[in-house]
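Engineer: Provided below: structure_17.txt, containing compact mmCIF, C-alpha atoms and all ligand atoms.
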```
# COMPACT_ATOMS: atom_id res chain seq x y z
CA MET I 10 85.71 48.34 177.35
CA THR I 11 83.63 46.22 175.01
CA SER I 12 84.99 45.39 171.57
CA THR I 13 82.63 47.99 170.08
CA GLN I 14 83.94 50.60 172.49
CA ILE I 15 87.51 49.64 171.59
CA ASP I 16 86.73 50.06 167.88
CA ASN I 17 85.04 53.39 168.51
CA TYR I 18 88.01 54.59 170.49
CA ILE I 19 90.32 53.61 167.62
CA PHE I 20 88.11 55.29 164.99
CA ASN I 21 87.99 58.51 167.01
CA ASN I 22 91.57 58.72 168.22
CA LEU I 23 93.93 56.62 166.14
CA PRO I 24 94.73 56.17 162.43
CA SER I 25 92.26 53.36 161.81
CA TYR I 26 93.53 51.91 158.53
CA ASP I 27 92.07 48.46 157.80
CA GLY I 28 95.47 46.78 157.83
CA TRP I 29 96.39 48.33 161.16
CA MET I 30 93.10 47.58 162.94
CA PRO I 31 94.00 44.13 164.37
CA LEU I 32 97.21 45.49 165.92
CA LEU I 33 95.45 48.61 167.21
CA ARG I 34 92.81 46.41 168.87
CA GLU I 35 95.59 44.32 170.38
CA LEU I 36 97.34 47.49 171.54
CA LEU I 37 94.21 48.76 173.33
CA THR I 38 93.52 45.37 174.88
CA THR I 39 97.09 45.27 176.18
CA LEU I 40 96.84 48.81 177.58
CA LEU I 41 93.53 47.97 179.27
CA SER I 42 95.04 44.86 180.84
CA LYS I 43 97.76 47.08 182.29
CA GLY I 44 95.26 49.43 183.91
CA TRP I 45 94.79 52.07 181.22
CA ASP I 46 91.39 53.76 180.87
CA GLU I 47 89.94 56.46 178.62
CA THR I 48 90.63 59.24 181.11
CA ILE I 49 94.35 58.76 180.47
CA ILE I 50 94.84 60.62 177.22
CA PHE I 51 97.14 59.53 174.43
CA THR I 52 97.08 60.37 170.76
CA ALA I 53 98.81 58.80 167.83
CA LYS I 54 98.47 59.56 164.15
CA GLU I 55 99.81 58.65 160.77
CA LYS I 56 102.67 60.84 159.64
CA TYR I 57 104.63 60.22 156.42
CA GLY I 58 103.05 56.77 156.28
CA LYS I 59 104.12 55.83 159.77
CA PHE I 60 102.20 55.29 162.99
CA VAL I 61 103.58 57.86 165.39
CA TYR I 62 102.89 58.87 168.90
CA VAL I 63 101.87 62.52 169.21
CA ILE I 64 100.78 63.49 172.72
CA ALA I 65 99.96 61.86 175.99
CA ASP I 66 99.32 63.03 179.49
CA GLU I 67 101.77 62.25 182.27
CA LYS I 68 99.79 59.30 183.56
CA PHE I 69 100.36 57.57 180.22
CA SER I 70 104.11 57.20 180.87
CA THR I 71 103.62 53.81 182.56
CA PHE I 72 102.11 52.48 179.32
CA ILE I 73 104.79 53.81 176.98
CA SER I 74 106.82 50.62 176.70
CA ALA I 75 103.74 48.59 175.68
CA PHE I 76 102.83 51.34 173.24
CA ASN I 77 106.32 51.42 171.70
CA GLU I 78 106.28 47.70 171.11
CA PHE I 79 103.08 48.01 169.08
CA GLU I 80 104.29 51.13 167.30
CA GLU I 81 107.17 49.09 165.92
CA LYS I 82 104.89 46.23 164.83
CA ILE I 83 102.37 48.57 163.21
CA ASN I 84 105.12 50.28 161.24
CA GLN I 85 106.01 46.95 159.68
CA SER I 86 102.41 46.25 158.62
CA CYS I 87 100.68 47.19 155.40
CA MET I 88 98.02 49.85 156.02
CA ILE I 89 95.68 48.11 153.62
CA CYS I 90 95.99 44.40 154.37
CA GLY I 91 98.18 44.08 157.48
CA ASP I 92 100.81 41.88 155.79
CA ASN I 93 104.53 42.60 156.18
CA GLY I 94 105.06 46.11 154.90
CA LYS I 95 107.52 48.96 154.84
CA GLN I 96 107.51 52.70 154.42
CA CYS I 97 107.41 53.62 150.76
CA THR I 98 106.27 56.33 148.38
CA PRO I 99 104.09 54.99 145.57
CA GLY I 100 103.61 58.25 143.72
CA TYR I 101 103.20 61.32 145.86
CA SER I 102 102.55 60.34 149.46
CA ASP I 103 104.41 58.23 151.99
CA GLN I 104 102.66 55.07 153.13
CA THR I 105 103.44 51.76 154.81
CA LEU I 106 102.56 49.00 152.36
CA CYS I 107 103.30 45.41 151.38
CA LEU I 108 104.79 44.79 147.94
CA THR I 109 101.42 43.92 146.36
CA HIS I 110 99.74 47.10 147.56
CA TYR I 111 102.79 49.19 146.70
CA ILE I 112 102.66 47.95 143.10
CA ASP I 113 98.90 48.43 143.08
CA ALA I 114 99.13 52.02 144.36
CA TYR I 115 102.02 53.04 142.12
CA PRO I 116 100.86 55.38 139.32
CA LYS I 117 101.12 53.62 135.99
CA ILE I 118 100.16 54.02 132.38
CA VAL I 119 99.16 50.69 130.83
CA ASN I 120 97.67 49.19 127.66
CA ILE I 121 99.35 51.86 125.57
CA ASP I 122 98.57 51.25 121.90
CA GLN I 123 97.55 52.97 118.67
CA PHE I 124 94.10 53.70 120.11
CA GLY I 125 94.93 55.11 123.50
CA PHE I 126 96.09 54.31 127.00
CA THR I 127 94.79 53.44 130.45
CA THR I 128 95.68 55.08 133.73
CA LYS I 129 94.70 53.71 137.10
CA GLU I 130 91.28 55.26 136.77
CA GLU I 131 90.22 54.71 133.22
CA ARG I 132 90.78 54.25 129.51
CA PHE I 133 91.41 57.25 127.24
CA ASN I 134 91.50 57.28 123.48
CA TRP I 135 94.00 59.48 121.67
CA SER I 136 90.99 60.88 119.80
CA ASP I 137 89.55 62.14 123.13
CA ILE I 138 92.41 64.61 123.46
CA LEU I 139 91.73 68.28 122.90
CA GLU I 140 95.09 69.61 123.97
CA LEU I 141 98.27 68.29 125.43
CA ASN I 142 100.62 70.43 127.51
CA GLY I 143 104.05 69.62 128.84
CA PHE I 144 105.32 70.91 132.15
CA ALA I 145 108.84 71.21 133.42
CA ASP I 146 108.18 71.26 137.11
CA TYR I 147 105.93 69.22 139.38
CA ARG I 148 105.00 71.89 141.85
CA GLY I 149 105.25 75.20 140.06
CA HIS I 150 103.89 73.88 136.76
CA VAL I 151 106.30 75.94 134.75
CA GLU I 152 105.14 75.43 131.21
CA PHE I 153 107.57 73.34 129.29
CA SER I 154 109.34 75.38 126.65
CA LYS I 155 113.09 75.03 126.56
CA LYS I 156 115.05 72.00 125.54
CA SER I 157 117.27 72.30 128.60
CA GLU I 158 114.36 71.63 130.93
CA MET I 159 113.34 68.14 131.88
CA LEU I 160 109.81 67.26 130.89
CA SER I 161 108.31 66.31 134.24
CA SER I 162 104.63 65.97 133.41
CA ILE I 163 101.99 66.15 130.72
CA TYR I 164 98.54 67.56 131.29
CA ILE I 165 95.91 66.36 128.91
CA GLU I 166 92.76 68.33 128.31
CA LEU I 167 89.96 66.18 127.00
CA LYS I 168 87.29 67.13 124.52
CA PRO I 169 84.10 68.53 126.09
CA ASN I 170 82.05 65.53 125.01
CA PHE I 171 84.33 63.09 126.85
CA SER I 172 82.35 61.45 129.58
CA SER I 173 84.32 60.20 132.51
CA GLN I 174 83.55 57.97 135.42
CA TYR I 175 86.16 59.62 137.61
CA LEU I 176 87.10 63.03 136.30
CA LYS I 177 84.53 65.48 137.48
CA GLU I 178 84.29 69.14 136.52
CA ILE I 179 87.62 69.51 134.76
CA ALA I 180 88.36 66.96 132.09
CA LEU I 181 92.08 66.97 132.72
CA VAL I 182 94.44 64.03 133.04
CA SER I 183 97.91 64.50 134.42
CA LEU I 184 100.69 62.04 133.77
CA HIS I 185 104.09 62.26 135.38
CA HIS I 186 107.69 61.48 134.69
CA ASP I 187 107.80 58.87 137.47
CA ASP I 188 104.70 56.99 136.32
CA LEU I 189 105.42 53.46 135.22
CA ASN I 190 105.72 53.25 131.39
CA TRP I 191 106.04 57.02 130.98
CA ILE I 192 108.59 56.69 128.17
CA ASN I 193 106.46 54.11 126.39
CA PHE I 194 103.56 56.55 126.66
CA LEU I 195 105.66 59.33 125.08
CA LYS I 196 106.71 56.96 122.29
CA ASN I 197 103.12 56.25 121.40
CA ILE I 198 101.59 59.73 121.33
CA PRO I 199 100.30 60.12 117.76
CA SER I 200 101.83 63.03 115.85
CA GLU I 201 98.31 64.39 115.37
CA CYS I 202 98.13 65.16 119.12
CA LEU I 203 101.42 67.07 119.02
CA LYS I 204 100.73 69.06 115.87
CA LYS I 205 100.26 72.34 117.73
CA LYS I 206 103.11 71.68 120.16
CA GLN I 207 106.30 71.80 118.12
CA ASP I 208 108.64 72.39 121.10
CA LEU I 209 107.24 69.43 122.93
CA ASN I 210 107.21 67.28 119.82
CA ASN I 211 110.87 68.01 119.11
CA TYR I 212 111.83 67.43 122.70
CA ILE I 213 110.15 64.02 122.82
CA LYS I 214 111.84 62.98 119.56
CA GLU I 215 115.26 64.00 120.87
CA LEU I 216 114.62 62.44 124.26
CA LEU I 217 113.65 59.08 122.74
CA LYS I 218 116.80 59.06 120.59
CA SER I 219 119.04 59.94 123.52
CA PHE I 220 118.73 56.80 125.67
CA TYR I 221 121.79 54.61 126.17
CA PHE I 222 122.43 51.40 128.09
CA CYS I 223 122.90 51.39 131.85
CA ASP I 224 125.90 49.31 132.99
CA ILE I 225 124.17 48.48 136.26
CA CYS I 226 120.74 47.13 135.27
CA GLY I 227 121.38 46.59 131.55
CA PHE I 228 118.36 48.58 130.32
CA LYS I 229 118.57 51.32 127.71
CA ALA I 230 117.18 53.75 130.25
CA ILE I 231 119.70 56.58 130.72
CA SER I 232 119.43 59.91 128.98
CA ASN I 233 121.33 63.17 129.10
CA TYR I 234 117.89 64.85 129.06
CA GLU I 235 117.25 63.26 132.44
CA PHE I 236 120.58 64.13 134.02
CA HIS I 237 122.06 60.71 133.13
CA LYS I 238 120.01 59.01 135.84
CA CYS I 239 118.74 55.55 134.97
CA SER I 240 114.93 55.33 134.86
CA ILE I 241 115.09 51.69 135.98
CA CYS I 242 117.72 51.34 138.72
CA HIS I 243 118.00 55.06 139.55
CA ASN I 244 121.80 55.11 139.39
CA TYR I 245 123.79 57.67 137.43
CA SER I 246 126.12 56.68 134.63
CA TRP I 247 129.70 56.56 135.87
CA GLU I 248 130.86 59.05 133.24
CA SER I 249 128.31 61.66 134.32
CA MET I 250 129.34 61.70 137.96
CA THR I 251 131.71 64.23 139.44
CA GLU I 252 134.79 63.19 141.35
CA ARG I 253 132.98 63.93 144.61
CA TYR I 254 130.91 60.76 143.97
CA THR I 255 133.30 58.60 141.99
CA ARG I 256 135.98 58.77 144.67
CA ARG I 257 133.76 56.66 146.93
CA TYR I 258 134.54 53.71 144.66
CA GLU I 259 137.78 52.01 143.67
CA ASN I 260 136.96 52.34 139.98
CA LYS I 261 134.09 52.07 137.49
CA THR I 262 133.91 48.28 137.82
CA ASP I 263 133.60 48.58 141.58
CA TYR I 264 130.79 51.16 141.15
CA ILE I 265 128.88 48.90 138.77
CA LYS I 266 129.34 45.80 140.90
CA GLN I 267 128.31 47.41 144.20
CA ASN I 268 125.19 48.94 142.71
CA GLN I 269 124.32 45.75 140.84
CA LEU I 270 124.41 43.83 144.11
CA MET I 271 122.08 46.38 145.63
CA TYR I 272 119.70 46.47 142.66
CA PHE I 273 119.48 42.73 142.06
CA SER I 274 118.93 41.97 145.73
CA GLY I 275 115.32 42.86 145.07
CA GLY I 276 113.14 45.36 146.85
CA PHE I 277 110.05 47.24 145.81
CA ASN I 278 111.69 49.09 142.92
CA TYR I 279 113.08 45.88 141.43
CA GLU I 280 109.70 44.12 141.55
CA LEU I 281 107.83 47.15 140.21
CA ASN I 282 110.16 47.36 137.22
CA LYS I 283 109.05 43.93 136.05
CA LEU I 284 105.97 45.81 134.78
CA GLU I 285 108.00 48.55 133.05
CA ILE I 286 108.05 47.97 129.29
CA SER I 287 109.56 51.22 128.01
CA PHE I 288 113.16 50.07 127.73
CA GLU I 289 115.02 47.33 125.89
CA LYS I 290 117.64 45.24 127.66
CA LYS I 291 121.14 44.84 126.28
CA PRO I 292 121.35 41.29 124.89
CA SER I 293 124.94 40.90 126.03
CA PHE I 294 124.27 42.22 129.54
CA ARG I 295 125.97 40.25 132.34
CA ARG I 296 125.97 40.68 136.07
CA MET I 297 129.48 41.38 137.38
CA PHE I 298 129.16 39.40 140.60
CA SER I 299 129.39 35.68 141.24
CA ASN I 300 126.64 33.60 142.91
CA GLN I 301 128.86 33.32 145.95
CA GLU I 302 129.32 37.10 146.16
CA PHE I 303 125.56 37.57 145.81
CA LYS I 304 124.87 35.09 148.59
CA GLU I 305 127.37 36.85 150.85
CA TYR I 306 125.78 40.21 150.06
CA LEU I 307 122.27 38.93 150.86
CA ASP I 308 123.52 37.51 154.16
CA LEU I 309 125.16 40.83 154.96
CA ILE I 310 122.03 42.94 154.38
CA LYS I 311 119.87 40.47 156.33
CA SER I 312 122.07 40.71 159.40
ZN ZN I 401 99.07 44.96 151.63
ZN ZN I 402 119.97 51.16 135.39
```
What is this structure when it is put down as structure tokens?

Structural biologist:
Amino acid sequence: MTSTQIDNYIFNNLPSYDGWMPLLRELLTTLLSKGWDETIIFTAKEKYGKFVYVIADEKFSTFISAFNEFEEKINQSCMICGDNGKQCTPGYSDQTLCLTHYIDAYPKIVNIDQFGFTTKEERFNWSDILELNGFADYRGHVEFSKKSEMLSSIYIELKPNFSSQYLKEIALVSLHHDDLNWINFLKNIPSECLKKKQDLNNYIKELLKSFYFCDICGFKAISNYEFHKCSICHNYSWESMTERYTRRYENKTDYIKQNQLMYFSGGFNYELNKLEISFEKKPSFRRMFSNQEFKEYLDLIKS
């Protein structure tokens, strides 16, 4: 097979993401060197962000071990650039990405000020908004009405004269609870935009008042309106947990310390949160573990 034929084979039969291409070429070259040819069928695809083997005819069994070796390597490579990556969910679909491309792909609301805000696609002015609707559920789009429901998304209808580079027929922007800077966005919606939405307006006011400090990450990012789950480190407040969960720990201090070790050891969520500006940090916040304990923990998770 020539290199063009190899590329064509990959484009037609395998998930040919840019970042995966070099390894896929290497995989085919290896298979060819072991006697594989195009009459021996195998198929692989991307599923939940991973490179997975789907079907192969019996004759392919002699090539399986070479295939598996590459499968493992591919699943540790960013689909976009090929750097070290891992399976992650930036927003709504599973992908294998490096930290840079994870942060890049993660839905975020930025440059929020008195004039408007920017989403990944473009800049919107508050004055472009025709109507703003809150929803309580991601999938069913149950219209937000009751205070007991968690506000999961906001759909923004733009005025007919708004011209967009990206939004086509329907001038609708949707922003979600998990978007970076969501709370900061809610804080900045001008009262003018919420004039016709008293329920939503009241909810947002109460929600913003309800946040209290998280003992694990130190940010004022836990609210009873969000089931006492921290928006930064994703842990629940100790007091809100039932005995079924608390009994896994010696006591509250043990719970805080164990989860602090996990949170501060880094990872995609930790790095992403460096861009989150919605929450203030407790000035007196201290980590409950020593440098030695942290070092031991890092060694433990590496091994
Ligand atoms: Zn990458
Ligand atoms: Zn936290």

Engineer: Taking only C-alpha atoms into account, produce a table as a Markdown table in which each residue of segment 12-83 of chain I with an atom at most 7 Å from an atom of segment 99-117 of chain I appears once, together with its shortest atom pair and the distance in Å to one decimal, ordered by chain and rising number.

Structural biologist:
```
| residue | atom | partner | partner_atom | distance |
| --- | --- | --- | --- | --- |
| I:Tyr57 | CA | I:Asp103 | CA | 4.9 |
| I:Gly58 | CA | I:Gln104 | CA | 3.6 |
| I:Lys59 | CA | I:Thr105 | CA | 6.5 |
```

Engineer: For segment 200-215 of chain I, please output as a ChimeraX atom specification all residues within 9 Å (counting only C-alpha atoms; exclusion window: fewer than 2 positions along the same chain).

Structural biologist: /I:135-136,138-143,153-156,160,195-198,217-219,234

Engineer: Rounded to one decimal place, report the atom CA of Glu55 of chain I-atom CA of Trp29 of chain I distance in Å.

Structural biologist: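 Straight-line distance from atom CA of Glu55 of chain I to atom CA of Trp29 of chain I works out to 10.9 Å.
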
Engineer: For segment 249-251 of chain I, work out the shell of residues within 10 Å, counting all atoms listed in the file and skipping chain neighbours fewer than 6 positions away, then give it as JSON, numbers by chain.

Structural biologist: {"I": [233, 236, 237, 238]}

Engineer: Out of I:Phe228, I:Tyr26, I:Phe126, I:Tyr264, which residue has the shortest atom-to-atom distance to Asn282 of chain I when counting all atoms listed in the file?

Structural biologist: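 Going through I:Phe228, I:Tyr26, I:Phe126, I:Tyr264 one by one, the smallest distance to Asn282 of chain I is for I:Phe228.
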
Engineer: Out of I:Tyr258, I:Phe222, I:Phe303, I:Phe60, which residue has the shortest atom-to-atom distance to ligand ZN 402 (chain I) when counting all atoms listed in the file?

Structural biologist: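 For ligand ZN 402 (chain I), the nearest of the candidates is I:Phe222.
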
Engineer: Out of I:Ser162, I:Ser12, I:Asn190, I:Ser183, which residue has the shortest atom-to-atom distance to Glu285 of chain I when counting all atoms listed in the file?

Structural biologist: I:Asn190

Engineer: Do you have, as a Markdown table, the list of residues of chain I lying at most 9 Å from ligand ZN 402 (chain I), each with its nearest atom pair and that distance in Å to one decimal, counting only C-alpha atoms and all ligand atoms and ordered by chain then number?

Structural biologist:
```
| residue | atom | partner | partner_atom | distance |
| --- | --- | --- | --- | --- |
| I:Phe222 | CA | I:ZN402 | ZN | 7.7 |
| I:Cys223 | CA | I:ZN402 | ZN | 4.6 |
| I:Asp224 | CA | I:ZN402 | ZN | 6.7 |
| I:Ile225 | CA | I:ZN402 | ZN | 5.1 |
| I:Cys226 | CA | I:ZN402 | ZN | 4.1 |
| I:Gly227 | CA | I:ZN402 | ZN | 6.1 |
| I:Phe228 | CA | I:ZN402 | ZN | 5.9 |
| I:Lys229 | CA | I:ZN402 | ZN | 7.8 |
| I:Ala230 | CA | I:ZN402 | ZN | 6.4 |
| I:Ile231 | CA | I:ZN402 | ZN | 7.2 |
| I:Lys238 | CA | I:ZN402 | ZN | 7.9 |
| I:Cys239 | CA | I:ZN402 | ZN | 4.6 |
| I:Ser240 | CA | I:ZN402 | ZN | 6.6 |
| I:Ile241 | CA | I:ZN402 | ZN | 4.9 |
| I:Cys242 | CA | I:ZN402 | ZN | 4.0 |
| I:His243 | CA | I:ZN402 | ZN | 6.0 |
| I:Asn244 | CA | I:ZN402 | ZN | 5.9 |
| I:Tyr245 | CA | I:ZN402 | ZN | 7.8 |
| I:Ser246 | CA | I:ZN402 | ZN | 8.3 |
| I:Gln269 | CA | I:ZN402 | ZN | 8.8 |
| I:Tyr272 | CA | I:ZN402 | ZN | 8.7 |
```

Engineer: Quote the spacing between atom CA of Asn93 of chain I and atom CA of Lys54 of chain I in Å to one decimal place.

Structural biologist: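 Calculated distance between atom CA of Asn93 of chain I and atom CA of Lys54 of chain I is 19.7 Å.
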
Engineer: List every protein, DNA or RNA residue with an atom no more than 12 Å from (99.3, 59.1, 184.1) in the file's coordinates, counting all atoms listed in the file, and format the result as a list in words.

Structural biologist: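 So the residues meeting the distance criterion are Gly44, Trp45, Asp46, Glu47, Thr48, Ile49, Ile50, Phe51, Ala65, Asp66, Glu67, Lys68, Phe69, Ser70, Thr71, Phe72 and Ile73 of chain I.
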
Engineer: For the atom pair atom CA of Lys290 of chain I and atom CA of Ser232 of chain I, what is the interatomic distance in Å to one decimal place?

Structural biologist: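 Computed distance, atom CA of Lys290 of chain I to atom CA of Ser232 of chain I, equals 14.8 Å.
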
Engineer: Just want the 12 Å neighbourhood of Thr39 of chain I, counted on only C-alpha atoms, with same-chain residues fewer than 6 positions away dropped. Output as a PyMOL selection string.

Structural biologist: chain I and resi 10+15+32-33+45-46+72-79

Engineer: Which is closer to ligand ZN 401 (chain I) than all the others in I:Gly94, I:Pro292, I:Gly275, I:Pro169, using only C-alpha atoms and all ligand atoms?

Structural biologist: I:Gly94

Engineer: Write out as lines of an AutoDock Vina configuration file an axis-aligned box for segment 228-239 of chain I: all of its atoms listed in the file, 4 Å added on each side, centre and edge lengths in Å with one decimal.

Structural biologist:
```
center_x = 119.6
center_y = 56.7
center_z = 131.8
size_x = 12.9
size_y = 24.3
size_z = 16.1
```

Engineer: Let me make sure I understand: among I:Asp308, I:Asp27, I:Glu130, I:Asp187, which one has the smallest atom-to-atom distance to ligand ZN 401 (chain I) if we use all atoms listed in the file?

Structural biologist: I:Asp27

Engineer: Which is closer to ligand ZN 401 (chain I) than all the others in I:Asp137, I:Glu252, I:Asp146, I:Asp92, using all atoms listed in the file?

Structural biologist: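 The answer is I:Asp92, which sits nearest to ligand ZN 401 (chain I).
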
Engineer: Would you kindly identify which residues have an atom no farther than 7 Å from (98.5, 61.1, 132.8), using only C-alpha atoms and the file's own coordinates, and write them out as a PyMOL selection string?

Structural biologist: chain I and resi 128+163-164+182-185

Engineer: Please rebuild segment 232-256 of chain I with N, CA and C atoms and return the result as a tab-separated table (two decimals), in the coordinates of the input.

Structural biologist:
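Saved the output as out39.tsv:
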```tsv
chain	number	residue	atom	x	y	z
I	232	SER	N	119.43	58.84	129.97
I	232	SER	CA	119.43	59.91	128.98
I	232	SER	C	120.07	61.16	129.54
I	233	ASN	N	120.77	61.89	128.68
I	233	ASN	CA	121.33	63.17	129.10
I	233	ASN	C	120.21	64.18	129.39
I	234	TYR	N	119.03	63.96	128.80
I	234	TYR	CA	117.89	64.85	129.06
I	234	TYR	C	117.34	64.64	130.47
I	235	GLU	N	117.73	63.55	131.08
I	235	GLU	CA	117.25	63.26	132.44
I	235	GLU	C	118.43	63.15	133.40
I	236	PHE	N	119.39	63.99	133.15
I	236	PHE	CA	120.58	64.13	134.02
I	236	PHE	C	121.37	62.83	134.17
I	237	HIS	N	121.30	61.98	133.15
I	237	HIS	CA	122.06	60.71	133.13
I	237	HIS	C	121.69	59.78	134.29
I	238	LYS	N	120.47	59.89	134.76
I	238	LYS	CA	120.01	59.01	135.84
I	238	LYS	C	119.14	57.91	135.23
I	239	CYS	N	119.45	56.68	135.57
I	239	CYS	CA	118.74	55.55	134.97
I	239	CYS	C	117.28	55.51	135.46
I	240	SER	N	116.36	55.38	134.50
I	240	SER	CA	114.93	55.33	134.86
I	240	SER	C	114.55	54.00	135.52
I	241	ILE	N	115.40	53.00	135.38
I	241	ILE	CA	115.09	51.69	135.98
I	241	ILE	C	115.73	51.54	137.37
I	242	CYS	N	117.07	51.61	137.42
I	242	CYS	CA	117.72	51.34	138.72
I	242	CYS	C	118.05	52.60	139.51
I	243	HIS	N	117.81	53.76	138.89
I	243	HIS	CA	118.00	55.06	139.55
I	243	HIS	C	119.46	55.40	139.88
I	244	ASN	N	120.39	54.74	139.22
I	244	ASN	CA	121.80	55.11	139.39
I	244	ASN	C	122.23	56.01	138.23
I	245	TYR	N	123.26	56.80	138.48
I	245	TYR	CA	123.79	57.67	137.43
I	245	TYR	C	124.86	56.91	136.64
I	246	SER	N	125.03	57.31	135.38
I	246	SER	CA	126.12	56.68	134.63
I	246	SER	C	127.44	57.15	135.24
I	247	TRP	N	128.40	56.26	135.25
I	247	TRP	CA	129.70	56.56	135.87
I	247	TRP	C	130.31	57.82	135.26
I	248	GLU	N	130.22	57.93	133.95
I	248	GLU	CA	130.86	59.05	133.24
I	248	GLU	C	130.24	60.39	133.60
I	249	SER	N	128.97	60.38	134.04
I	249	SER	CA	128.31	61.66	134.32
I	249	SER	C	128.57	62.16	135.74
I	250	MET	N	129.18	61.31	136.56
I	250	MET	CA	129.34	61.70	137.96
I	250	MET	C	130.61	62.51	138.19
I	251	THR	N	130.53	63.43	139.13
I	251	THR	CA	131.71	64.23	139.44
I	251	THR	C	132.61	63.42	140.38
I	252	GLU	N	133.80	63.91	140.53
I	252	GLU	CA	134.79	63.19	141.35
I	252	GLU	C	134.32	63.04	142.80
I	253	ARG	N	133.51	63.97	143.24
I	253	ARG	CA	132.98	63.93	144.61
I	253	ARG	C	132.27	62.59	144.87
I	254	TYR	N	131.62	62.04	143.83
I	254	TYR	CA	130.91	60.76	143.97
I	254	TYR	C	131.77	59.57	143.56
I	255	THR	N	132.52	59.74	142.48
I	255	THR	CA	133.30	58.60	141.99
I	255	THR	C	134.39	58.18	142.97
I	256	ARG	N	134.88	59.13	143.76
I	256	ARG	CA	135.98	58.77	144.67
I	256	ARG	C	135.55	57.82	145.80
```
